[in-house]
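Taking it in order: structure first as C-alpha cells, then the write-up.
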Amino acid sequence: MCGIVGYVGDNKSLEVLLGGLKRLEYRGYDSAGVAVIDKDGHMGTRKRAGKLQVLVDDLAERPLGNGATGIGHTRWATHGGPTDRNAHPHLSADGKLALIHNGIIENFSELKKELTDTGASFTSETDTEVAALLVGREYEKTGDLTESLRRVVGRLEGAFTLLVMHEDQPGIVVGARRNSPLVIGLGDGENFLGSDVAAFVEFTKRAVAIGQDQIVTIRPDSVEVTDFLGNTVESEEFEIAWDASASEKGGWSSFMAKEISEEPEAVANTILGRVVDGIVNLGELSPIGDDALKDIDRIVIIACGTAAYAGMLGKYAIEQWARVPVDVDLSHEFRYRNPIITPRTLVISISQSGETMDTLMAVKYATAAGAHVLSVCNTQGATIPRESHAVVYTHAGPEVAVASTKAFLAQVTALYLIGLHLAKARGTLSDNAIRENVVELQAVPDKIAEVLRVSQAEIGQLARWMTDIQSVLFLGRNVGYPVALEGALKLKELAYIHAEGFAAGELKHGPIALIEPGQVVFVVVPSPRDPDSLHPKVVSNIQEIRARGARVIAIAEKGDASVLPFADEVIPIPLAGTLFEPLLAVVPLHIFGMELAAAKGLDVDQPRNLAKSVTVE
Ligand code: G6P
C-alpha cells in the first residue's frame with residue numbers, strides 16, 4: 001500500500017513523479033503529494049486528499065516550480081484519515097526536509113512522545129511525521145542526508161520504505177527499506193526510485209532491487225547502496241521485461257477490461273518456454289532440486305485473496321498428479337498458529353505483487369522453520385521471491401486494476417506446471433499422461449479467447465439488468481468451488497454487492513435457507529463427461545434451488561442440454577478436462593463482476609477501501 005517514487009536528473013521531476021504516481025496509484029488512492037526542488041533551489045510541496053487527479057488539477061491551477069529533484073507519494077491511509085494534512089510528504093520542523101513513507105512505524109507513539117517532550121509539534125495524525133521530524137533533527141547535527149536517515153531507521157520498528165530529500169541538497173534522494181518494497185531505476189544522467197518498476201518503466205528498462213534493511217542514495221550520475229550500518233552492498237541489475245505500453249490502458253474503458261482481454265495471453269505466456277518435448281521442465285525449481293522435491297511429504301500453499309483461490313485449484317491438480325497432500329492456508333492464518341513444518345515440507349506462496357505483507361511474513365516464517373519455500377509471483381524484483389528458495393514467475397504482464405483477474409489465471413497455470421513437474425520428479429505420472437495434460441493446458445488460451453468472444457456481450461447485458469440486485473450466491477463442486485469463491489469475491493470487491501460462494505454439496509447443510517424467490521444463483525456446472533459423475537449431483541442442486549424460486553445462471557459446457565430446463569440463463573464454455581474447466585468457467589465471472597460494477601457507475605479499477613498491494617499486516 002502506498003506508492004512511492006523518487007527522481008534526480010534533469011528538469012522534469014514533476015513529469016516523472018506524476019507519471020510514476022499514475023502507474024502506482026493501484027497501491028493506494030486516498031491522497032497524493034509531491035515535493036520538488038525548483039531551478040532556483042526552493043523546495044515546494046503540494047498534497048491533496050482524493051485520487052491523484054485532484055493533485056494534478058491543483059498543480060495545473062497553481063503550478064509548482066519544476067526542477068531536477070523530487071519525491072512523490074500516493075497513499076492508502078493507515079494512521080490518520082485521508083485528509084490534505086495527513087497526505088505525504090511530511091516535513092521536518094524547519095520545513096526544509098521532505099519525507100514520504102510506505103508501511104507502518106509500529107513504535108510511533110513512543111517516538112512521538114519523545115519528540116513532543118523535547119518541543120516538537122505535529123501537523124498530522126500520521127505515524128510518518130515522527131520519521132520526518134527525527135531525520136530533520138539528525139540533519140541539523142550532521143548535514144548529511146544519508147547519515148541522518150541511517151541514524152533514524154535503526155530506531156524504527158515495523159515496516160517501512162522511506163524517501164527523503166532536503167532543500168540544501170538538490171540532486172540527492174535517499175531511500176531506506178525494511179519489509180516494504182523499493183526498486184532503483186538506472187537512467188542516463190538520471191536515476192529513479194519506485195515502489196515497483198512500473199514507477200519508471202517509461203524512462204528506463206534497467207533496474208536494481210534493494211535488499212532488506214538497506215539504504216540507497218541516488219544522484220544523477222551515481223547510485224550507492226549500503227546496509228543500515230553503512231557497509232557497501234553489491235546489488236544485481238536486472239532488465240525489466242514489461243513494456244511501458246503494457247501498463248497503459250491503450251483505448252480500453254478500464255484497466256480491468258484490458259486485463260480480462262489479456263487472460264488468454266497470461267496463460268500462454270506462463271507456459272511459454274517451460275515445456276520440452278511435451279514434458280514440463282521448470283529449471284526455476286533447481287535451487288530446491290528434484291531430489292528434495294521427490295522427498296517432500298506435504299505441501300502448504302499460502303496466499304491471500306484471489307491468489308488463495310488459485311491455490312485451492314493448485315491443490316486439486318497437485319494432489320491428483322503428484323500424489324502429495326496439499327493444504328491451502330491464508331497466509332495470515334498460517335503464520336500465527338504455530339503450523340507444523342518439517343524439512344520435508346514444501347511451502348508454495350502465491351502473490352501477484354510479491355509484496356503482500358501477510359504472505360511475506362508467512363514466507364519468512366516458513367523459511368526460518370526449515371521448509372523449502374517456492375514462490376509464484378508476477379512481479380520481478382519483488383520482496384517475496386527474494387525471500388524464497390525458488391520462484392516461478394507468472395508472465396501475466398503488469399496488472400493495474402486493483403482486483404486481480406488475468407494474474408489469477410496465470411497463477412493457476414503456474415501451479416499446474418509445478419504439479420506436472422512434481423509428477424515427473426516423483427514418478428507419479430507416466431510421460432504420456434504428462435503430455436496429455438500439457439496438451440490440455442496449452443489448449444486453454446484459445447478456449448478462453450472463445451469464451452470472451454462468445455459471452456462478453458451477453459454477460460454485459462445480464463449485468464445491466466441486475467444493477468439493483470442486493471445479493472448473489474455462487475455454487476460450485478470440486479474444482480468449481482474455488483471458481484464460485486472467486487466469482488463472489490469479484491462481485492464484493494467491484495460492485496459492492498453481498499455475495500457468497502459455496503461448495504454445492506454444502507448447500508443442504510445451511511445455505512439453502514438463503515434461497516427465496518428471485519435470489520440469483522450462479523452455478524458452475526461440471527462437464528457431463530466428468531469421470532467422477534459430479535454432473536448429476538450439481539444438476540440436482542440446481543433443481544433444489546430452482547424449486548425454491550431461485551433464478552439460476554449456469555456456467556456449463558456447451559452442448560450440455562441437461563441444464564437447459566432448469567436454468568434461466570446458460571453461459572456456455574468450451575469442452576475441457578475436469579481440472580482445466582475452472583480456467584474457462586472463471587472468465588464469465590470476471591466479466592460479470594466488471595460489467596455489473598461499470599453498469600452501477602463504479603470505478604472498476606479502483607474500488608473503494610481497497611489497495612492492490614497490501615503491504616501492512
Ligand atoms: C489484495 C487485492 C486482491 C489480491 C490480494 C493478494 O487484497 O485486492 O485482488 O488478490 O491482495 O494480492 P497478491 O499481490 O499477494 O496476489
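By order of appearance in the C-alpha cells: chains A, B, ..., then residues from 1 within every chain, and ligands from 1 in the order shown.
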Show me which residues sit within 8 Å of ligand 1 when counting only C-alpha atoms and all ligand atoms, and put them as a ChimeraX atom specification.
/A:303-308,350-356,359,377,402-405,407-408,493,610-614
Please provide the set of residues having any atom within 12 Å of Ile210 (chain A), restricted to only C-alpha atoms, with same-chain residues fewer than 4 positions apart removed, written as a PyMOL selection string.
chain A and resi 161+175-185+193-197+214-217+223-227+233-238+381-383+386
Keeping N, CA and C atoms for every residue in the selection just given, could you write it to a file as a tab-separated table (two decimals), in the first residue's frame?
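That gives us result.tsv:
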chain	number	residue	atom	x	y	z
A	161	THR	N	9.23	1.80	3.83
A	161	THR	CA	10.12	2.35	2.82
A	161	THR	C	10.03	3.85	3.04
A	175	GLY	N	16.83	6.75	0.06
A	175	GLY	CA	15.74	5.84	0.41
A	175	GLY	C	16.22	4.75	1.35
A	176	ALA	N	15.29	4.20	2.14
A	176	ALA	CA	15.63	3.08	3.02
A	176	ALA	C	14.45	2.13	3.03
A	177	ARG	N	14.74	0.85	3.20
A	177	ARG	CA	13.61	-0.09	3.24
A	177	ARG	C	13.78	-1.21	4.26
A	178	ARG	N	12.66	-1.54	4.87
A	178	ARG	CA	12.57	-2.76	5.69
A	178	ARG	C	11.16	-3.31	5.49
A	179	ASN	N	11.08	-4.49	4.93
A	179	ASN	CA	9.79	-5.19	4.75
A	179	ASN	C	8.79	-4.47	3.86
A	180	SER	N	9.19	-3.42	3.19
A	180	SER	CA	8.32	-2.77	2.20
A	180	SER	C	9.19	-2.61	0.95
A	181	PRO	N	8.55	-2.54	-0.22
A	181	PRO	CA	9.36	-2.59	-1.44
A	181	PRO	C	10.03	-1.27	-1.84
A	182	LEU	N	11.16	-1.39	-2.52
A	182	LEU	CA	11.83	-0.25	-3.13
A	182	LEU	C	12.77	-0.76	-4.22
A	183	VAL	N	12.64	-0.18	-5.40
A	183	VAL	CA	13.45	-0.62	-6.55
A	183	VAL	C	14.10	0.62	-7.16
A	184	ILE	N	15.35	0.44	-7.64
A	184	ILE	CA	16.07	1.55	-8.28
A	184	ILE	C	15.91	1.43	-9.79
A	185	GLY	N	15.70	2.54	-10.47
A	185	GLY	CA	15.74	2.57	-11.93
A	185	GLY	C	17.00	3.31	-12.36
A	193	LEU	N	13.72	6.06	-8.13
A	193	LEU	CA	13.35	5.09	-7.10
A	193	LEU	C	11.85	4.87	-7.21
A	194	GLY	N	11.39	3.66	-6.94
A	194	GLY	CA	9.95	3.42	-7.03
A	194	GLY	C	9.56	2.22	-6.19
A	195	SER	N	8.27	2.17	-5.82
A	195	SER	CA	7.76	1.00	-5.09
A	195	SER	C	7.84	-0.23	-5.97
A	196	ASP	N	7.61	-0.05	-7.25
A	196	ASP	CA	7.91	-1.14	-8.17
A	196	ASP	C	8.31	-0.55	-9.51
A	197	VAL	N	8.72	-1.40	-10.43
A	197	VAL	CA	9.32	-0.90	-11.66
A	197	VAL	C	8.34	-0.09	-12.52
A	214	GLN	N	18.34	-1.97	3.82
A	214	GLN	CA	19.37	-1.28	3.04
A	214	GLN	C	18.97	0.16	2.77
A	215	ILE	N	20.01	0.96	2.52
A	215	ILE	CA	19.81	2.39	2.25
A	215	ILE	C	20.40	2.71	0.89
A	216	VAL	N	19.71	3.51	0.10
A	216	VAL	CA	20.23	3.86	-1.22
A	216	VAL	C	20.25	5.37	-1.35
A	217	THR	N	21.35	5.87	-1.93
A	217	THR	CA	21.45	7.30	-2.21
A	217	THR	C	21.57	7.45	-3.72
A	223	VAL	N	24.67	5.79	-7.96
A	223	VAL	CA	23.74	5.11	-7.06
A	223	VAL	C	24.60	4.37	-6.04
A	224	GLU	N	24.33	4.60	-4.77
A	224	GLU	CA	25.14	3.92	-3.74
A	224	GLU	C	24.21	3.19	-2.78
A	225	VAL	N	24.47	1.88	-2.62
A	225	VAL	CA	23.62	1.11	-1.70
A	225	VAL	C	24.47	0.61	-0.54
A	226	THR	N	23.97	0.80	0.68
A	226	THR	CA	24.67	0.28	1.86
A	226	THR	C	23.66	-0.42	2.76
A	227	ASP	N	24.16	-1.16	3.73
A	227	ASP	CA	23.23	-1.71	4.73
A	227	ASP	C	22.98	-0.62	5.79
A	233	VAL	N	27.01	-2.45	-0.23
A	233	VAL	CA	26.36	-3.70	-0.60
A	233	VAL	C	26.38	-3.82	-2.12
A	234	GLU	N	26.69	-5.01	-2.61
A	234	GLU	CA	26.65	-5.24	-4.06
A	234	GLU	C	25.22	-5.58	-4.45
A	235	SER	N	24.69	-4.93	-5.45
A	235	SER	CA	23.32	-5.24	-5.86
A	235	SER	C	23.33	-5.65	-7.33
A	236	GLU	N	22.39	-6.50	-7.66
A	236	GLU	CA	22.37	-7.04	-9.02
A	236	GLU	C	21.37	-6.32	-9.90
A	237	GLU	N	21.83	-5.94	-11.09
A	237	GLU	CA	20.94	-5.25	-12.03
A	237	GLU	C	20.08	-6.27	-12.77
A	238	PHE	N	18.84	-5.93	-13.09
A	238	PHE	CA	18.05	-6.80	-13.96
A	238	PHE	C	17.31	-5.96	-14.99
A	381	GLY	N	11.75	-8.65	-9.16
A	381	GLY	CA	12.42	-7.82	-8.17
A	381	GLY	C	11.61	-7.62	-6.90
A	382	ALA	N	10.46	-8.29	-6.78
A	382	ALA	CA	9.62	-8.11	-5.59
A	382	ALA	C	10.24	-8.82	-4.38
A	383	THR	N	9.73	-8.50	-3.21
A	383	THR	CA	10.36	-8.99	-1.98
A	383	THR	C	10.13	-10.49	-1.75
A	386	ARG	N	12.40	-12.83	-3.44
A	386	ARG	CA	13.77	-12.70	-2.93
A	386	ARG	C	13.95	-13.40	-1.59
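Ranking A:Gly510, A:Gly593, A:Gly476, A:Pro482 by their shortest atom-to-atom distance to Ala495 (chain A), with only C-alpha atoms included, puts A:Gly593 first.
For the choices A:Ile240, A:Ala599, A:Leu91, A:Val604, the atom-to-atom distance to Gly397 (chain A) is smallest for A:Ile240 when using only C-alpha atoms.
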Neighbours of Arg23 (chain A) within 9 Å (only C-alpha atoms; same-chain residues fewer than 6 positions away dropped), as a list in words?
Gly3, Ala198, Ala199, Phe200, Ser247, Glu248 and Val400 of chain A
Include N, CA and C atoms and write out the residues we just selected as a short mmCIF file (atom, residue, chain, number, x, y, z; two decimals), in the first residue's frame.
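In the end it all went to again03.cif:
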data_model
loop_
_atom_site.label_atom_id
_atom_site.label_comp_id
_atom_site.auth_asym_id
_atom_site.auth_seq_id
_atom_site.Cartn_x
_atom_site.Cartn_y
_atom_site.Cartn_z
N GLY A 3 2.16 4.17 -2.84
CA GLY A 3 3.13 4.13 -3.94
C GLY A 3 4.13 5.25 -3.72
N ALA A 198 7.03 -0.29 -12.27
CA ALA A 198 6.04 0.47 -13.04
C ALA A 198 6.28 1.97 -12.89
N ALA A 199 6.87 2.38 -11.75
CA ALA A 199 7.06 3.80 -11.47
C ALA A 199 7.93 4.47 -12.53
N PHE A 200 8.88 3.72 -13.10
CA PHE A 200 9.83 4.38 -14.02
C PHE A 200 10.04 3.63 -15.33
N SER A 247 1.56 -1.26 -19.38
CA SER A 247 0.83 -0.75 -18.21
C SER A 247 0.02 0.50 -18.54
N GLU A 248 -0.30 0.67 -19.82
CA GLU A 248 -1.21 1.76 -20.24
C GLU A 248 -2.58 1.15 -20.53
N VAL A 400 -2.84 -3.80 -13.34
CA VAL A 400 -3.03 -2.49 -12.72
C VAL A 400 -4.35 -2.40 -11.95
#
Set out as a Markdown table a contact list for region 149-232 of chain A and region 34-52 of chain A with a cut-off of 12 Å, giving each residue of region 149-232 of chain A that qualifies its closest atom pair and distance in Å to one decimal, counting only C-alpha atoms, ordered by chain and rising residue number.
| residue | atom | partner | partner_atom | distance |
| --- | --- | --- | --- | --- |
| A:Leu163 | CA | A:Ala35 | CA | 11.0 |
| A:Val164 | CA | A:Ala35 | CA | 9.8 |
| A:Met165 | CA | A:Ala35 | CA | 8.5 |
| A:His166 | CA | A:Met43 | CA | 7.9 |
| A:Glu167 | CA | A:Met43 | CA | 5.4 |
| A:Asp168 | CA | A:Gly41 | CA | 7.6 |
| A:Gln169 | CA | A:Gly41 | CA | 8.9 |
| A:Pro170 | CA | A:Ile37 | CA | 6.6 |
| A:Gly171 | CA | A:Ile37 | CA | 8.8 |
| A:Ile172 | CA | A:Ile37 | CA | 10.3 |
| A:Val173 | CA | A:Val36 | CA | 10.9 |
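Taking CA of Ser331 (chain A) and CA of Ala209 (chain A) as the two end points, the separation is 23.8 Å.
Using only C-alpha atoms, the nearest neighbour of Pro343 (chain A) within the list A:Ala257, A:Ala368, A:Ala561, A:Val5 is A:Ala368.
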Taking into account only C-alpha atoms, which residue in the set A:Leu313, A:Met357, A:Leu111, A:Ala567 is nearest to Glu581 (chain A)?
A:Leu313
Report the residues of region 241-452 of chain A whose backbone DSSP state falls under helix (DSSP H, G or I), written as a ChimeraX atom specification.
/A:244-247,255-261,263-271,283-285,290-295,306-322,331-335,357-368,383-386,406-426,431-452
What's around Ala488 (chain A) at 8 Å? Count only C-alpha atoms, leave out sequence neighbours fewer than 4 positions away in its own chain, and write the answer as a PDB file with all heavy atoms, in the first residue's frame.
ATOM      1  N   VAL A 472     -26.018 -12.053  -4.342  1.00  0.00           N
ATOM      2  CA  VAL A 472     -25.824 -13.104  -5.360  1.00  0.00           C
ATOM      3  C   VAL A 472     -25.085 -14.268  -4.702  1.00  0.00           C
ATOM      4  O   VAL A 472     -24.145 -14.057  -3.926  1.00  0.00           O
ATOM      5  CB  VAL A 472     -24.997 -12.584  -6.561  1.00  0.00           C
ATOM      6  CG1 VAL A 472     -24.805 -13.678  -7.602  1.00  0.00           C
ATOM      7  CG2 VAL A 472     -25.666 -11.379  -7.210  1.00  0.00           C
ATOM      8  N   LEU A 473     -25.523 -15.465  -5.006  1.00  0.00           N
ATOM      9  CA  LEU A 473     -24.818 -16.649  -4.497  1.00  0.00           C
ATOM     10  C   LEU A 473     -24.126 -17.352  -5.658  1.00  0.00           C
ATOM     11  O   LEU A 473     -24.575 -17.287  -6.807  1.00  0.00           O
ATOM     12  CB  LEU A 473     -25.797 -17.608  -3.830  1.00  0.00           C
ATOM     13  CG  LEU A 473     -26.626 -17.031  -2.677  1.00  0.00           C
ATOM     14  CD1 LEU A 473     -27.531 -18.102  -2.075  1.00  0.00           C
ATOM     15  CD2 LEU A 473     -25.729 -16.454  -1.586  1.00  0.00           C
ATOM     16  N   PHE A 474     -23.038 -18.034  -5.337  1.00  0.00           N
ATOM     17  CA  PHE A 474     -22.263 -18.767  -6.336  1.00  0.00           C
ATOM     18  C   PHE A 474     -22.053 -20.179  -5.810  1.00  0.00           C
ATOM     19  O   PHE A 474     -21.617 -20.353  -4.664  1.00  0.00           O
ATOM     20  CB  PHE A 474     -20.900 -18.112  -6.548  1.00  0.00           C
ATOM     21  CG  PHE A 474     -20.977 -16.747  -7.196  1.00  0.00           C
ATOM     22  CD1 PHE A 474     -21.275 -15.622  -6.441  1.00  0.00           C
ATOM     23  CD2 PHE A 474     -20.755 -16.596  -8.557  1.00  0.00           C
ATOM     24  CE1 PHE A 474     -21.346 -14.370  -7.034  1.00  0.00           C
ATOM     25  CE2 PHE A 474     -20.815 -15.347  -9.157  1.00  0.00           C
ATOM     26  CZ  PHE A 474     -21.114 -14.234  -8.396  1.00  0.00           C
ATOM     27  N   ALA A 484     -16.413 -20.585  -7.677  1.00  0.00           N
ATOM     28  CA  ALA A 484     -17.552 -19.920  -7.040  1.00  0.00           C
ATOM     29  C   ALA A 484     -17.054 -18.862  -6.047  1.00  0.00           C
ATOM     30  O   ALA A 484     -17.578 -17.748  -5.985  1.00  0.00           O
ATOM     31  CB  ALA A 484     -18.428 -20.955  -6.325  1.00  0.00           C
ATOM     32  N   LYS A 492     -18.091  -8.692  -4.693  1.00  0.00           N
ATOM     33  CA  LYS A 492     -17.953  -7.866  -3.483  1.00  0.00           C
ATOM     34  C   LYS A 492     -17.005  -6.702  -3.771  1.00  0.00           C
ATOM     35  O   LYS A 492     -17.306  -5.549  -3.499  1.00  0.00           O
ATOM     36  CB  LYS A 492     -17.347  -8.682  -2.328  1.00  0.00           C
ATOM     37  CG  LYS A 492     -18.281  -9.702  -1.730  1.00  0.00           C
ATOM     38  CD  LYS A 492     -17.559 -10.432  -0.594  1.00  0.00           C
ATOM     39  CE  LYS A 492     -17.720 -11.915  -0.787  1.00  0.00           C
ATOM     40  NZ  LYS A 492     -17.243 -12.770   0.250  1.00  0.00           N
ATOM     41  N   ALA A 499     -22.159 -11.064  -1.665  1.00  0.00           N
ATOM     42  CA  ALA A 499     -22.060 -12.275  -2.484  1.00  0.00           C
ATOM     43  C   ALA A 499     -21.354 -13.350  -1.674  1.00  0.00           C
ATOM     44  O   ALA A 499     -20.451 -13.060  -0.889  1.00  0.00           O
ATOM     45  CB  ALA A 499     -21.272 -11.980  -3.753  1.00  0.00           C
ATOM     46  N   GLU A 500     -21.791 -14.584  -1.859  1.00  0.00           N
ATOM     47  CA  GLU A 500     -21.171 -15.712  -1.142  1.00  0.00           C
ATOM     48  C   GLU A 500     -20.919 -16.838  -2.125  1.00  0.00           C
ATOM     49  O   GLU A 500     -21.758 -17.107  -2.989  1.00  0.00           O
ATOM     50  CB  GLU A 500     -22.117 -16.258  -0.065  1.00  0.00           C
ATOM     51  CG  GLU A 500     -22.452 -15.311   1.047  1.00  0.00           C
ATOM     52  CD  GLU A 500     -21.315 -15.105   2.030  1.00  0.00           C
ATOM     53  OE1 GLU A 500     -20.376 -15.921   2.044  1.00  0.00           O
ATOM     54  OE2 GLU A 500     -21.370 -14.129   2.776  1.00  0.00           O
ATOM     55  N   GLY A 501     -19.796 -17.496  -1.952  1.00  0.00           N
ATOM     56  CA  GLY A 501     -19.520 -18.693  -2.736  1.00  0.00           C
ATOM     57  C   GLY A 501     -19.642 -19.905  -1.835  1.00  0.00           C
ATOM     58  O   GLY A 501     -19.191 -19.879  -0.685  1.00  0.00           O
TER      59      GLY A 501
END
Region 361-447 of chain A near region 283-290 of chain A within 8 Å: what's each residue's closest atom pair and its distance in Å to one decimal, counting only C-alpha atoms, ordered by chain then ascending residue number, as CSV?
residue,atom,partner,partner_atom,distance
A:His372,CA,A:Ile288,CA,6.9
A:Leu374,CA,A:Leu285,CA,7.9
A:His389,CA,A:Pro287,CA,6.4
A:Ala390,CA,A:Leu285,CA,5.8
A:Val391,CA,A:Glu284,CA,6.2
A:Val392,CA,A:Glu284,CA,6.1
A:Ala425,CA,A:Asp290,CA,5.8
